[in-house]
>>> print(open('entry_24.cif').read())   # mmCIF, C-alpha atoms
data_model
#
loop_
_atom_site.label_atom_id
_atom_site.label_comp_id
_atom_site.auth_asym_id
_atom_site.auth_seq_id
_atom_site.Cartn_x
_atom_site.Cartn_y
_atom_site.Cartn_z
CA MET A 1 -74.36 21.21 -51.42
CA PRO A 2 -77.17 18.66 -51.12
CA SER A 3 -76.28 15.01 -51.30
CA LYS A 4 -75.40 13.75 -54.76
CA ARG A 5 -76.99 10.40 -53.88
CA LEU A 6 -80.24 11.64 -55.39
CA GLU A 7 -78.55 11.73 -58.80
CA HIS A 8 -78.38 7.93 -58.69
CA CYS A 9 -82.14 7.50 -58.13
CA SER A 10 -84.39 6.95 -61.09
CA SER A 11 -85.84 10.23 -62.28
CA LEU A 12 -88.54 11.20 -59.80
CA ARG A 13 -91.72 13.05 -60.61
CA VAL A 14 -91.90 15.81 -57.99
CA GLY A 15 -94.70 18.28 -57.40
CA ILE A 16 -93.95 21.39 -55.33
CA ALA A 17 -96.72 23.56 -53.92
CA GLY A 18 -95.65 27.14 -53.30
CA ALA A 19 -93.18 29.23 -55.31
CA GLY A 20 -91.64 31.25 -52.54
CA LEU A 21 -87.94 31.03 -51.76
CA MET A 22 -88.17 27.47 -50.41
CA GLY A 23 -90.21 26.21 -53.36
CA ARG A 24 -88.02 27.87 -55.99
CA LEU A 25 -84.77 26.76 -54.39
CA LEU A 26 -85.90 23.14 -54.10
CA ALA A 27 -87.34 23.14 -57.62
CA TRP A 28 -84.06 24.41 -59.07
CA GLN A 29 -81.88 21.97 -57.12
CA LEU A 30 -84.07 18.94 -57.88
CA HIS A 31 -84.17 19.90 -61.55
CA GLN A 32 -80.37 20.19 -61.54
CA LEU A 33 -80.25 16.64 -60.17
CA GLY A 34 -82.24 15.37 -63.14
CA HIS A 35 -85.74 15.08 -61.71
CA GLN A 36 -89.06 16.10 -63.27
CA VAL A 37 -90.37 19.06 -61.30
CA THR A 38 -93.74 20.79 -61.52
CA LEU A 39 -94.20 23.93 -59.44
CA PHE A 40 -97.63 25.24 -58.42
CA ASP A 41 -98.33 28.75 -57.20
CA GLN A 42 -101.39 30.95 -56.78
CA ALA A 43 -99.57 34.08 -57.96
CA SER A 44 -99.08 35.22 -61.54
CA ALA A 45 -95.70 34.97 -63.27
CA HIS A 46 -94.67 38.54 -62.44
CA GLU A 47 -96.38 39.00 -59.07
CA GLU A 48 -94.15 39.56 -56.02
CA ALA A 49 -96.53 37.83 -53.62
CA SER A 50 -94.12 35.67 -51.60
CA ALA A 51 -92.85 36.76 -48.18
CA ALA A 52 -89.34 36.37 -49.63
CA PHE A 53 -89.81 39.56 -51.65
CA LEU A 54 -90.34 41.41 -48.38
CA ALA A 55 -87.19 40.02 -46.75
CA ALA A 56 -83.93 41.92 -46.47
CA GLY A 57 -82.00 38.72 -47.21
CA MET A 58 -79.83 38.73 -44.08
CA LEU A 59 -77.50 35.78 -43.45
CA ALA A 60 -76.76 36.65 -39.84
CA PRO A 61 -76.58 33.55 -37.62
CA TYR A 62 -74.48 35.29 -34.96
CA ALA A 63 -76.73 38.32 -34.72
CA GLU A 64 -79.78 36.07 -34.50
CA LEU A 65 -78.46 34.62 -31.23
CA GLU A 66 -79.89 37.77 -29.64
CA SER A 67 -83.44 36.45 -30.06
CA ALA A 68 -83.30 32.94 -31.58
CA ASP A 69 -82.16 29.62 -30.14
CA ALA A 70 -79.11 27.51 -30.93
CA SER A 71 -80.89 25.41 -33.57
CA ILE A 72 -81.44 28.53 -35.72
CA TYR A 73 -77.76 29.39 -35.29
CA LYS A 74 -76.67 25.89 -36.34
CA LEU A 75 -78.89 25.81 -39.45
CA GLY A 76 -77.89 29.38 -40.27
CA MET A 77 -74.20 28.55 -40.13
CA ARG A 78 -74.79 25.68 -42.54
CA SER A 79 -76.69 27.96 -44.91
CA LEU A 80 -73.91 30.54 -44.68
CA ASP A 81 -71.58 27.84 -46.05
CA LEU A 82 -74.04 26.77 -48.78
CA TRP A 83 -75.07 30.13 -50.23
CA PRO A 84 -71.78 30.91 -52.09
CA GLN A 85 -72.06 27.61 -53.99
CA LEU A 86 -75.73 28.21 -54.74
CA VAL A 87 -75.31 31.71 -56.15
CA GLN A 88 -72.33 30.53 -58.18
CA GLY A 89 -74.49 27.79 -59.69
CA LEU A 90 -77.15 30.38 -60.50
CA GLY A 91 -74.59 32.73 -62.05
CA ALA A 92 -75.61 35.36 -59.51
CA GLU A 93 -72.50 35.83 -57.38
CA ALA A 94 -72.96 39.62 -57.35
CA LEU A 95 -76.16 39.23 -55.33
CA LEU A 96 -74.25 37.92 -52.29
CA GLN A 97 -72.42 40.51 -50.21
CA SER A 98 -70.04 39.35 -47.48
CA HIS A 99 -69.05 42.52 -45.66
CA GLY A 100 -70.23 41.49 -42.21
CA SER A 101 -72.56 43.24 -39.79
CA LEU A 102 -72.29 45.81 -37.02
CA ILE A 103 -74.30 45.63 -33.80
CA VAL A 104 -74.73 49.08 -32.21
CA ALA A 105 -76.68 50.69 -29.38
CA HIS A 106 -77.19 54.26 -28.21
CA ALA A 107 -75.67 55.27 -24.87
CA GLN A 108 -78.88 54.67 -22.91
CA ASP A 109 -79.24 51.20 -24.45
CA GLN A 110 -75.73 49.89 -23.81
CA PRO A 111 -77.01 47.10 -21.48
CA TYR A 112 -78.64 45.47 -24.50
CA LEU A 113 -75.30 45.46 -26.33
CA GLN A 114 -73.59 43.97 -23.28
CA ARG A 115 -76.27 41.30 -23.08
CA PHE A 116 -75.62 40.39 -26.71
CA CYS A 117 -71.91 40.01 -25.94
CA GLN A 118 -72.82 37.66 -23.10
CA GLN A 119 -75.00 35.61 -25.44
CA LEU A 120 -72.11 35.24 -27.88
CA ALA A 121 -69.89 34.09 -25.02
CA HIS A 122 -72.56 31.67 -23.82
CA HIS A 123 -72.44 29.88 -27.15
CA GLN A 124 -68.72 29.35 -26.62
CA ILE A 125 -67.23 30.50 -29.91
CA PRO A 126 -63.79 28.84 -29.98
CA GLN A 127 -61.04 31.23 -28.92
CA SER A 128 -59.14 30.48 -32.12
CA GLN A 129 -62.10 31.78 -34.15
CA ALA A 130 -63.33 34.56 -31.89
CA GLN A 131 -61.28 37.31 -33.53
CA SER A 132 -62.64 36.46 -36.98
CA GLN A 133 -66.23 36.05 -35.80
CA ALA A 134 -66.86 38.78 -33.22
CA GLN A 135 -64.78 41.90 -32.72
CA ARG A 136 -65.41 44.84 -30.41
CA LEU A 137 -64.81 48.14 -32.21
CA HIS A 138 -64.24 51.39 -30.38
CA LYS A 139 -65.03 54.83 -31.76
CA LYS A 140 -61.83 55.26 -33.79
CA GLN A 141 -62.17 51.83 -35.37
CA LEU A 142 -65.84 52.43 -36.05
CA LEU A 143 -65.01 55.63 -37.87
CA GLU A 144 -62.64 53.63 -40.08
CA HIS A 145 -65.47 51.23 -40.97
CA ASN A 146 -68.20 53.78 -41.63
CA THR A 147 -67.94 57.54 -41.82
CA GLY A 148 -71.00 58.70 -39.92
CA LEU A 149 -71.71 55.80 -37.57
CA GLY A 150 -68.62 56.64 -35.53
CA GLU A 151 -70.02 60.14 -34.99
CA VAL A 152 -73.05 58.67 -33.23
CA PHE A 153 -71.85 55.50 -31.48
CA GLU A 154 -68.98 54.96 -29.06
CA GLN A 155 -68.58 51.25 -29.83
CA ALA A 156 -69.96 48.35 -31.85
CA ILE A 157 -69.67 44.60 -32.23
CA TYR A 158 -68.39 43.65 -35.68
CA LEU A 159 -69.37 40.22 -37.05
CA PRO A 160 -67.23 39.87 -40.21
CA ALA A 161 -68.50 36.42 -41.24
CA GLU A 162 -72.09 37.55 -41.78
CA ALA A 163 -73.49 38.34 -45.21
CA TRP A 164 -76.65 39.26 -47.06
CA LEU A 165 -78.40 38.69 -50.37
CA ASN A 166 -80.30 41.00 -52.66
CA SER A 167 -83.48 39.06 -51.99
CA ARG A 168 -85.79 40.46 -54.66
CA GLU A 169 -83.20 40.07 -57.40
CA LEU A 170 -82.39 36.53 -56.30
CA MET A 171 -86.07 35.56 -56.47
CA HIS A 172 -86.18 36.87 -60.04
CA VAL A 173 -82.99 34.99 -60.97
CA LEU A 174 -84.43 31.75 -59.59
CA ALA A 175 -87.58 32.28 -61.66
CA GLN A 176 -85.51 32.91 -64.79
CA ARG A 177 -83.41 29.78 -64.27
CA LEU A 178 -86.49 27.63 -63.64
CA HIS A 179 -88.26 28.86 -66.77
CA ALA A 180 -85.10 28.61 -68.89
CA GLY A 181 -84.47 25.07 -67.62
CA GLY A 182 -87.92 23.89 -68.62
CA VAL A 183 -89.38 23.38 -65.15
CA LYS A 184 -93.15 23.26 -65.44
CA TRP A 185 -94.56 26.19 -63.49
CA GLN A 186 -98.30 26.39 -63.02
CA HIS A 187 -99.00 30.06 -62.33
CA GLN A 188 -102.31 31.30 -60.91
CA CYS A 189 -103.06 27.75 -59.80
CA PRO A 190 -104.07 27.79 -56.11
CA VAL A 191 -103.37 24.55 -54.24
CA THR A 192 -106.13 23.36 -51.91
CA ALA A 193 -104.37 20.32 -50.41
CA VAL A 194 -101.04 18.50 -50.52
CA ASN A 195 -101.01 14.81 -49.63
CA ALA A 196 -98.78 11.81 -50.24
CA GLY A 197 -98.29 11.41 -53.97
CA HIS A 198 -100.62 14.13 -55.16
CA ILE A 199 -101.35 17.85 -55.14
CA GLN A 200 -104.96 19.02 -55.29
CA HIS A 201 -105.24 22.32 -57.14
CA SER A 202 -107.89 24.62 -58.56
CA THR A 203 -108.30 22.72 -61.83
CA GLY A 204 -107.68 19.12 -60.79
CA GLN A 205 -105.16 16.80 -59.21
CA PHE A 206 -101.48 16.25 -59.96
CA ALA A 207 -100.06 12.78 -59.28
CA CYS A 208 -96.36 12.44 -58.47
CA ASP A 209 -93.78 10.31 -56.71
CA TRP A 210 -93.20 12.98 -54.09
CA ALA A 211 -95.36 15.97 -53.17
CA ILE A 212 -93.58 18.81 -51.36
CA ASP A 213 -95.60 21.44 -49.52
CA CYS A 214 -93.81 24.82 -49.35
CA ARG A 215 -96.91 27.03 -49.21
CA GLY A 216 -96.11 28.89 -46.00
CA LEU A 217 -99.31 30.36 -44.62
CA GLY A 218 -101.18 28.81 -47.52
CA ALA A 219 -100.84 25.47 -45.71
CA GLN A 220 -102.81 26.55 -42.61
CA ALA A 221 -105.74 24.26 -43.42
CA GLN A 222 -103.42 21.25 -43.13
CA LEU A 223 -101.08 22.74 -40.50
CA PRO A 224 -103.50 24.61 -38.23
CA GLU A 225 -100.74 25.48 -35.74
CA LEU A 226 -99.27 27.93 -38.28
CA ARG A 227 -99.70 31.63 -37.61
CA GLY A 228 -98.82 34.78 -39.50
CA VAL A 229 -96.28 37.29 -38.17
CA ARG A 230 -96.37 40.65 -39.90
CA GLY A 231 -93.23 42.41 -41.06
CA GLU A 232 -92.82 45.90 -42.50
CA VAL A 233 -89.86 47.38 -44.37
CA ILE A 234 -88.91 50.67 -45.96
CA GLU A 235 -86.39 51.17 -48.76
CA VAL A 236 -84.63 54.53 -48.93
CA TYR A 237 -82.18 56.25 -51.26
CA ALA A 238 -79.52 58.07 -49.22
CA PRO A 239 -76.69 59.51 -51.39
CA GLU A 240 -75.04 61.10 -48.33
CA VAL A 241 -74.61 57.73 -46.64
CA ASP A 242 -71.97 55.13 -47.46
CA ILE A 243 -72.46 52.19 -45.10
CA GLN A 244 -70.89 48.95 -46.33
CA GLN A 245 -72.04 46.56 -43.59
CA MET A 246 -75.40 45.45 -42.28
CA VAL A 247 -76.31 47.33 -39.12
CA ARG A 248 -78.46 46.21 -36.19
CA LEU A 249 -79.57 48.74 -33.62
CA MET A 250 -80.32 47.35 -30.16
CA HIS A 251 -83.32 49.00 -28.53
CA PRO A 252 -85.79 48.13 -25.73
CA HIS A 253 -88.80 47.98 -28.05
CA TYR A 254 -87.47 46.95 -31.46
CA ARG A 255 -84.37 45.72 -33.27
CA LEU A 256 -83.81 47.85 -36.33
CA TYR A 257 -81.83 46.29 -39.15
CA LEU A 258 -80.33 48.17 -42.06
CA VAL A 259 -79.16 46.30 -45.16
CA PRO A 260 -77.24 48.01 -47.98
CA ARG A 261 -78.39 47.77 -51.58
CA PRO A 262 -76.50 49.03 -54.65
CA LYS A 263 -76.13 52.75 -55.40
CA HIS A 264 -76.83 54.12 -51.90
CA HIS A 265 -80.12 52.31 -51.42
CA TYR A 266 -80.86 50.76 -48.03
CA VAL A 267 -83.57 48.45 -46.74
CA LEU A 268 -84.62 48.89 -43.14
CA GLY A 269 -87.09 47.06 -40.98
CA ALA A 270 -87.80 46.02 -37.43
CA THR A 271 -91.47 45.39 -36.92
CA GLN A 272 -92.64 41.96 -35.83
CA ILE A 273 -96.37 42.02 -35.17
CA GLU A 274 -98.49 39.00 -34.24
CA THR A 275 -101.17 39.27 -36.91
CA ASN A 276 -102.17 37.85 -40.29
CA ASP A 277 -102.81 41.40 -41.55
CA ALA A 278 -100.81 42.06 -44.71
CA SER A 279 -102.23 45.54 -45.43
CA PRO A 280 -99.89 48.49 -46.18
CA ILE A 281 -97.43 49.75 -43.58
CA SER A 282 -98.93 51.59 -40.61
CA VAL A 283 -98.17 55.19 -39.67
CA ARG A 284 -96.86 54.08 -36.27
CA SER A 285 -94.42 51.60 -37.80
CA ALA A 286 -93.24 54.09 -40.41
CA LEU A 287 -92.60 56.73 -37.74
CA GLU A 288 -90.69 54.29 -35.53
CA LEU A 289 -88.59 52.96 -38.38
CA LEU A 290 -87.72 56.37 -39.81
CA SER A 291 -86.94 57.85 -36.38
CA ALA A 292 -84.59 54.96 -35.64
CA LEU A 293 -83.03 55.32 -39.09
CA TYR A 294 -82.29 58.99 -38.54
CA SER A 295 -80.74 58.17 -35.17
CA LEU A 296 -78.23 55.88 -36.91
CA HIS A 297 -76.64 58.38 -39.25
CA PRO A 298 -77.20 62.11 -39.86
CA GLY A 299 -77.06 61.56 -43.62
CA PHE A 300 -80.43 59.81 -43.52
CA ALA A 301 -82.13 63.16 -42.79
CA GLU A 302 -82.29 63.88 -46.54
CA ALA A 303 -82.91 60.30 -47.67
CA ARG A 304 -85.78 59.65 -50.06
CA ILE A 305 -88.35 56.94 -49.40
CA VAL A 306 -88.35 54.65 -52.45
CA ARG A 307 -90.63 51.83 -51.36
CA THR A 308 -92.60 50.52 -48.42
CA ALA A 309 -93.72 46.91 -48.11
CA SER A 310 -95.49 44.67 -45.64
CA GLY A 311 -96.37 41.00 -45.46
CA CYS A 312 -96.78 38.00 -43.19
CA ARG A 313 -94.23 35.28 -42.48
CA PRO A 314 -95.29 31.72 -41.51
CA ALA A 315 -94.43 30.76 -37.95
CA LEU A 316 -94.98 27.68 -35.80
CA PRO A 317 -95.48 27.81 -32.01
CA ASP A 318 -91.75 27.53 -31.26
CA ASN A 319 -90.78 29.93 -34.09
CA GLY A 320 -88.57 27.16 -35.49
CA PRO A 321 -88.65 25.51 -38.92
CA LYS A 322 -90.04 22.03 -39.49
CA LEU A 323 -89.41 19.35 -42.08
CA ILE A 324 -92.34 16.95 -41.71
CA THR A 325 -92.06 13.70 -43.63
CA GLN A 326 -94.31 10.89 -44.74
CA PRO A 327 -93.71 8.43 -47.58
CA GLY A 328 -94.46 10.35 -50.74
CA LEU A 329 -94.80 13.67 -48.91
CA LEU A 330 -92.60 16.41 -47.43
CA ARG A 331 -93.82 19.55 -45.70
CA ILE A 332 -91.38 22.41 -45.08
CA ASN A 333 -92.73 25.32 -43.10
CA GLY A 334 -92.26 27.70 -40.19
CA LEU A 335 -89.17 29.52 -41.48
CA PHE A 336 -90.61 32.62 -39.77
CA ARG A 337 -88.37 35.65 -40.38
CA HIS A 338 -85.35 33.46 -41.14
CA GLY A 339 -86.22 32.42 -44.70
CA PHE A 340 -82.95 33.25 -46.44
CA LEU A 341 -80.92 32.24 -43.40
CA LEU A 342 -82.46 28.75 -43.22
CA ALA A 343 -83.64 27.82 -46.72
CA PRO A 344 -80.44 26.18 -48.07
CA ALA A 345 -79.98 24.05 -44.94
CA MET A 346 -83.64 22.99 -44.99
CA ALA A 347 -83.42 22.19 -48.72
CA GLU A 348 -80.33 20.11 -48.04
CA GLN A 349 -82.17 18.11 -45.37
CA ALA A 350 -85.13 17.58 -47.71
CA ILE A 351 -83.00 16.41 -50.63
CA ASN A 352 -80.97 14.11 -48.42
CA TYR A 353 -84.21 12.63 -47.10
CA LEU A 354 -85.46 12.04 -50.65
CA ALA A 355 -82.13 10.43 -51.53
CA SER A 356 -82.42 7.97 -48.65
CA HIS A 357 -86.03 7.10 -49.50
CA CYS A 358 -86.19 7.30 -53.29
CA ALA A 359 -86.30 3.52 -53.65
CA THR A 360 -89.56 3.39 -51.74
CA ALA A 361 -91.33 6.24 -53.53
CA SER A 362 -94.76 5.41 -54.94
CA THR A 363 -94.97 2.16 -52.94
CA VAL A 364 -95.83 2.97 -49.34
CA TYR A 365 -98.21 5.94 -49.44
CA GLN A 366 -100.59 4.16 -47.09
CA GLU A 367 -98.27 4.74 -44.13
CA ASN A 368 -99.28 7.73 -42.04
CA SER A 369 -96.55 8.08 -39.41
CA TYR A 370 -94.93 11.51 -39.36
CA ALA A 371 -91.40 12.44 -38.33
CA THR A 372 -90.30 15.94 -37.54
CA PHE A 373 -86.77 17.22 -37.97
CA THR A 374 -85.57 20.57 -36.76
#
>>> encode(input="entry_24.cif", output="structure tokens")
Amino acid sequence: MPSKRLEHCSSLRVGIAGAGLMGRLLAWQLHQLGHQVTLFDQASAHEEASAAFLAAGMLAPYAELESADASIYKLGMRSLDLWPQLVQGLGAEALLQSHGSLIVAHAQDQPYLQRFCQQLAHHQIPQSQAQSQAQRLHKKQLLEHNTGLGEVFEQAIYLPAEAWLNSRELMHVLAQRLHAGGVKWQHQCPVTAVNAGHIQHSTGQFACDWAIDCRGLGAQAQLPELRGVRGEVIEVYAPEVDIQQMVRLMHPHYRLYLVPRPKHHYVLGATQIETNDASPISVRSALELLSALYSLHPGFAEARIVRTASGCRPALPDNGPKLITQPGLLRINGLFRHGFLLAPAMAEQAINYLASHCATASTVYQENSYATFT
């Protein structure tokens, strides 16, 4: 959990711009530590506008080694340790599922699975932990894990330490805890600028000890290097399928992920398109996703499409997250498609930074030097 040193600071007045996952998580933790928190967001109280509502909620640092660098893995491992404590504090333990993930590939795509195994080896998982962190399953073992997948795939890599969250439900729980705890939440209040010690919004200016900018793409005017990366997901109801783990399908053109939800519901996605367009899902993406889904398990042939969703995630040039600091100001951005994987570790860094600088809050706003932590 974040450093308890912040409990010993005088109560800080904190303004947070952006009520996505990062903003809500920080607001809840800072409030728990006894600080006065005001949260600003352009959406209404019941609007699911944040990119976090689109996310599947995967906590898969090992699987991310296939396309992300070691810094994402390191932060993800820290978040994997933090999430159980966080959901326990929220009274939402049922929203965290820790059944691991399976990495599979069709026969013609086996080289991609072999490459992933090489990437795991490259990161030198200690031999004493290898069996618990990455296991090769052959057809018989795969059949024992999931009736259906073993009929399609000859082998898989099982990553038992990985987990996932019911992302939409967790966002609602965070909102409930913030409202019940008395956190001031300014809904339908667009923020135009966040600077040291104040937040400029649609109806005026909010003065505070620390301003924290968690607006994602909403911060582009002040972080022009931000770009939007579109993601699209489909939720299906498949009563003939009983998959208990996350599944990733290696493929030359996309990486399909499948995440279980309660009562035979599944969220699947893969698309990663370089555009700020957040319009409804395209026909091409829907066809690709559903074709890949059917190739995973024959039971998906009669699945029912429950929901489609699309949105844009904030990304920086290196696709890595940034905590940018200045006296009286923090900016957290660039979580890309790793929001749930990285948010607790980034929140921990932010709170630890506040703890080490709380004595100087409100006194040195004139300084303009920035530091970046990744």
>>> residues_around(input="entry_24.cif", residues="Pro224 (chain A)", least_positions_apart="6", cutoff="12 Å", atoms="all atoms listed in the file", output="list in words")
Gly216, Leu217, Gly218, Pro314, Ala315, Leu316, Pro317, Asn333 and Gly334 of chain A
>>> resolve_selection(input="entry_24.cif", expression="the PyMOL selection byres ((chain A and resi 309) around 8)", output="ChimeraX atom specification")
/A:54,232-234,280-281,307-308,310-311
>>> closest_atom_pairs(input="entry_24.cif", of="region 136-250 of chain A", to="region 17-36 of chain A", cutoff="6 Å", atoms="all atoms listed in the file", output="Markdown table")
| residue | atom | partner | partner_atom | distance |
| --- | --- | --- | --- | --- |
| A:Asp213 | CA | A:Ala17 | CA | 5.0 |
| A:Cys214 | CA | A:Gly18 | CA | 4.9 |
| A:Arg215 | CA | A:Gly18 | CA | 4.3 |
>>> closest_residue(input="entry_24.cif", among="A:Ala63, A:Val194, A:Leu90, A:Ala134", to="Met246 (chain A)", atoms="all atoms listed in the file")
A:Ala63
>>> closest_residue(input="entry_24.cif", among="A:Ala121, A:Ala347, A:Ala270, A:Leu249", to="Leu335 (chain A)", atoms="only C-alpha atoms")
A:Ala347
>>> closest_residue(input="entry_24.cif", among="A:His251, A:Gly231, A:Ala303, A:Lys74", to="His264 (chain A)", atoms="only C-alpha atoms")
A:Ala303
>>> closest_residue(input="entry_24.cif", among="A:Ala180, A:Ala211, A:Leu96, A:Val306", to="Ala238 (chain A)", atoms="all atoms listed in the file")
A:Val306
>>> resolve_selection(input="entry_24.cif", expression="the PyMOL selection byres ((chain A and resi 82) around 12)", output="PyMOL selection string")
chain A and resi 1-2+59+75-81+83-89+96+340-348
>>> closest_residue(input="entry_24.cif", among="A:Gln244, A:Gln200, A:Gln349, A:Ser295", to="Ala107 (chain A)", atoms="all atoms listed in the file")
A:Ser295
>>> resolve_selection(input="entry_24.cif", expression="the PyMOL selection byres ((chain A and resi 297) around 12)", output="count of residues only")
31
>>> atom_distance(input="entry_24.cif", atom1="CA of Gln119 (chain A)", atom2="CA of Arg261 (chain A)")
29.0 Å
>>> residues_around(input="entry_24.cif", residues="Asp109 (chain A)", least_positions_apart="3", cutoff="9 Å", atoms="only C-alpha atoms", output="PyMOL selection string")
chain A and resi 105-106+112-113+250-252
>>> closest_residue(input="entry_24.cif", among="A:Pro321, A:Glu154, A:Val229, A:Gln133", to="Ala278 (chain A)", atoms="only C-alpha atoms")
A:Val229
>>> atom_distance(input="entry_24.cif", atom1="CA of Glu47 (chain A)", atom2="CA of Ile324 (chain A)")
28.4 Å
>>> residues_around(input="entry_24.cif", residues="Ala193 (chain A)", least_positions_apart="2", cutoff="10 Å", atoms="only C-alpha atoms", output="list in words")
Ala17, Pro190, Val191, Asn195, His198, Ile199, Gln200, His201, Ser202, Gln205, Asp213, Gly218, Ala219, Ala221 and Gln222 of chain A
>>> decode(input="entry_24.cif", residues="region 238-268 of chain A", atoms="C-alpha atoms", output="PDB file, in the first residue's frame")
ATOM      1  CA  ALA A 238     -21.904 -17.967 -24.229  1.00  0.00           C
ATOM      2  CA  PRO A 239     -23.717 -20.562 -22.056  1.00  0.00           C
ATOM      3  CA  GLU A 240     -21.955 -23.434 -23.869  1.00  0.00           C
ATOM      4  CA  VAL A 241     -18.524 -22.156 -22.853  1.00  0.00           C
ATOM      5  CA  ASP A 242     -16.921 -22.537 -19.437  1.00  0.00           C
ATOM      6  CA  ILE A 243     -13.479 -20.928 -19.582  1.00  0.00           C
ATOM      7  CA  GLN A 244     -12.060 -20.002 -16.179  1.00  0.00           C
ATOM      8  CA  GLN A 245      -8.823 -18.280 -17.232  1.00  0.00           C
ATOM      9  CA  MET A 246      -7.998 -15.273 -19.360  1.00  0.00           C
ATOM     10  CA  VAL A 247      -6.973 -16.327 -22.850  1.00  0.00           C
ATOM     11  CA  ARG A 248      -4.602 -14.603 -25.282  1.00  0.00           C
ATOM     12  CA  LEU A 249      -4.467 -15.756 -28.866  1.00  0.00           C
ATOM     13  CA  MET A 250      -1.194 -15.084 -30.685  1.00  0.00           C
ATOM     14  CA  HIS A 251      -1.702 -14.041 -34.298  1.00  0.00           C
ATOM     15  CA  PRO A 252       0.333 -12.189 -36.964  1.00  0.00           C
ATOM     16  CA  HIS A 253      -2.084  -9.253 -37.165  1.00  0.00           C
ATOM     17  CA  TYR A 254      -3.707  -8.977 -33.741  1.00  0.00           C
ATOM     18  CA  ARG A 255      -3.564 -10.305 -30.189  1.00  0.00           C
ATOM     19  CA  LEU A 256      -7.030 -11.344 -29.134  1.00  0.00           C
ATOM     20  CA  TYR A 257      -7.728 -11.390 -25.411  1.00  0.00           C
ATOM     21  CA  LEU A 258     -10.693 -13.050 -23.772  1.00  0.00           C
ATOM     22  CA  VAL A 259     -11.617 -12.222 -20.175  1.00  0.00           C
ATOM     23  CA  PRO A 260     -14.321 -14.130 -18.266  1.00  0.00           C
ATOM     24  CA  ARG A 261     -17.177 -12.326 -16.561  1.00  0.00           C
ATOM     25  CA  PRO A 262     -19.793 -13.903 -14.259  1.00  0.00           C
ATOM     26  CA  LYS A 263     -22.526 -16.207 -15.604  1.00  0.00           C
ATOM     27  CA  HIS A 264     -20.870 -17.198 -18.906  1.00  0.00           C
ATOM     28  CA  HIS A 265     -20.234 -13.669 -20.099  1.00  0.00           C
ATOM     29  CA  TYR A 266     -16.916 -12.894 -21.786  1.00  0.00           C
ATOM     30  CA  VAL A 267     -15.213  -9.685 -22.875  1.00  0.00           C
ATOM     31  CA  LEU A 268     -13.014  -9.885 -25.937  1.00  0.00           C
TER      32      LEU A 268
END
